[in-house]
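This is data.cif (mmCIF, C-alpha atoms).
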data_input
#
loop_
_atom_site.group_PDB
_atom_site.id
_atom_site.type_symbol
_atom_site.label_atom_id
_atom_site.label_comp_id
_atom_site.auth_asym_id
_atom_site.auth_seq_id
_atom_site.Cartn_x
_atom_site.Cartn_y
_atom_site.Cartn_z
ATOM 1 C CA ARG Z 1 0.000 0.000 0.000
ATOM 2 C CA VAL Z 2 1.412 3.420 -1.044
ATOM 3 C CA THR Z 3 0.935 6.165 1.473
ATOM 4 C CA SER Z 4 1.050 9.890 0.725
ATOM 5 C CA GLU Z 5 4.396 10.063 2.533
ATOM 6 C CA ASP Z 6 5.841 7.422 0.173
ATOM 7 C CA LYS Z 7 4.370 9.149 -2.882
ATOM 8 C CA GLU Z 8 5.892 12.572 -2.147
ATOM 9 C CA PRO Z 9 9.576 11.513 -2.385
ATOM 10 C CA LYS Z 10 8.842 9.675 -5.650
ATOM 11 C CA GLU Z 11 7.209 12.803 -7.073
ATOM 12 C CA GLN Z 12 10.155 14.885 -5.899
ATOM 13 C CA LEU Z 13 12.539 12.435 -7.549
ATOM 14 C CA GLN Z 14 10.545 12.504 -10.797
ATOM 15 C CA LYS Z 15 10.509 16.316 -10.731
ATOM 16 C CA ALA Z 16 14.262 16.384 -10.088
ATOM 17 C CA ILE Z 17 14.811 14.011 -13.019
ATOM 18 C CA ARG Z 18 12.608 16.180 -15.280
ATOM 19 C CA ASP Z 19 14.463 19.314 -14.146
ATOM 20 C CA ARG Z 20 17.785 17.606 -14.848
ATOM 21 C CA ASP Z 21 16.645 16.473 -18.288
ATOM 22 C CA GLU Z 22 15.419 19.985 -19.122
ATOM 23 C CA ALA Z 23 18.726 21.472 -17.953
ATOM 24 C CA ILE Z 24 20.672 18.985 -20.093
ATOM 25 C CA ALA Z 25 18.494 19.812 -23.113
ATOM 26 C CA LYS Z 26 19.064 23.553 -22.568
ATOM 27 C CA LYS Z 27 22.810 22.985 -22.173
ATOM 28 C CA ASN Z 28 22.902 20.975 -25.406
ATOM 29 C CA ALA Z 29 20.956 23.692 -27.248
ATOM 30 C CA VAL Z 30 23.324 26.384 -25.956
ATOM 31 C CA GLU Z 31 26.369 24.304 -26.926
ATOM 32 C CA LEU Z 32 24.931 23.849 -30.426
ATOM 33 C CA GLU Z 33 24.310 27.600 -30.724
ATOM 34 C CA LEU Z 34 27.871 28.260 -29.505
ATOM 35 C CA ALA Z 35 29.270 25.900 -32.140
ATOM 36 C CA LYS Z 36 27.238 27.679 -34.839
ATOM 37 C CA CYS Z 37 28.494 31.059 -33.611
ATOM 38 C CA LYS Z 38 32.092 29.814 -33.668
ATOM 39 C CA MET Z 39 31.641 28.609 -37.249
ATOM 40 C CA ASP Z 40 30.135 31.980 -38.208
ATOM 41 C CA MET Z 41 33.054 33.761 -36.558
ATOM 42 C CA MET Z 42 35.582 31.622 -38.433
ATOM 43 C CA SER Z 43 33.789 32.323 -41.709
ATOM 44 C CA LEU Z 44 33.719 36.065 -41.012
ATOM 45 C CA ASN Z 45 37.408 36.028 -40.073
ATOM 46 C CA SER Z 46 38.177 34.330 -43.372
ATOM 47 C CA GLN Z 47 36.121 36.911 -45.279
ATOM 48 C CA LEU Z 48 37.909 39.715 -43.419
ATOM 49 C CA LEU Z 49 41.325 38.298 -44.295
ATOM 50 C CA ASP Z 50 40.253 38.000 -47.941
ATOM 51 C CA ALA Z 51 39.072 41.624 -47.940
ATOM 52 C CA ILE Z 52 42.349 42.783 -46.364
ATOM 53 C CA GLN Z 53 44.342 40.869 -48.982
ATOM 54 C CA GLN Z 54 42.225 42.358 -51.771
ATOM 55 C CA LYS Z 55 42.713 45.866 -50.351
ATOM 56 C CA LEU Z 56 46.469 45.306 -50.176
ATOM 57 C CA ASN Z 57 46.530 44.121 -53.798
ATOM 58 C CA LEU Z 58 44.488 47.121 -54.938
ATOM 59 C CA SER Z 59 46.746 49.491 -52.983
ATOM 60 C CA GLN Z 60 49.799 47.994 -54.675
ATOM 61 C CA GLN Z 61 48.153 48.309 -58.093
ATOM 62 C CA LEU Z 62 47.252 51.938 -57.376
ATOM 63 C CA GLU Z 63 50.794 52.710 -56.262
ATOM 64 C CA ALA Z 64 52.206 51.119 -59.428
ATOM 65 C CA TRP Z 65 49.732 53.082 -61.569
ATOM 66 C CA GLN Z 66 50.699 56.330 -59.794
ATOM 67 C CA ASP Z 67 54.388 55.587 -60.388
ATOM 68 C CA ASP Z 68 53.650 54.950 -64.073
ATOM 69 C CA MET Z 69 51.708 58.221 -64.346
ATOM 70 C CA HIS Z 70 54.584 60.164 -62.721
ATOM 71 C CA ARG Z 71 57.019 58.655 -65.230
ATOM 72 C CA VAL Z 72 54.727 59.521 -68.160
ATOM 73 C CA ILE Z 73 54.291 63.092 -66.915
ATOM 74 C CA ASP Z 74 58.034 63.465 -66.271
ATOM 75 C CA ARG Z 75 58.789 62.213 -69.818
ATOM 76 C CA GLN Z 76 56.273 64.605 -71.322
ATOM 77 C CA LEU Z 77 57.789 67.496 -69.375
ATOM 78 C CA MET Z 78 61.298 66.510 -70.500
ATOM 79 C CA ASP Z 79 60.165 66.282 -74.125
ATOM 80 C CA THR Z 80 58.737 69.779 -74.159
#

Take the structure from the file and write it as structure tokens.
Amino acid sequence: RVTSEDKEPKEQLQKAIRDRDEAIAKKNAVELELAKCKMDMMSLNSQLLDAIQQKLNLSQQLEAWQDDMHRVIDRQLMDT
């Protein structure tokens, strides 16, 4: 025969187990979100490095073009 005193600890245990399971599920969801955020961060870092490299290349091209223009202008001034 189950008395109310015997039933209460079982209910408390079941509630504790449910609470634990919910906490584990929340932890797993947060860990999954963290992993997604880390992947996003790595992707953004890669894009940033690509953009920096592209900017460096364009800066070098601009500098070379400016040097060429100075030489052309200097030649034209010498020829006059």

Enclosing box along x, y and z for every listed atom of segment 44-51 of chain Z, padded 8 Å each side, centre and size in Å, one decimal, as JSON:
{"center_x": 37.5, "center_y": 38.0, "center_z": -44.0, "size_x": 23.6, "size_y": 23.3, "size_z": 23.9}

Task: Pairwise distance for atom CA of Glu63 of chain Z and atom CA of Arg75 of chain Z, rounded to one decimal in Å - done: 18.4 Å

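Between atom CA of Pro9 of chain Z and atom CA of Glu22 of chain Z the interatomic distance comes to 19.6 Å.
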
- [ ] Could you jot down the atom CA of Ile73 of chain Z to atom CA of Gln61 of chain Z separation for me, Å, one decimal place?
- [x]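 Pair atom CA of Ile73 of chain Z / atom CA of Gln61 of chain Z returns 18.3 Å.
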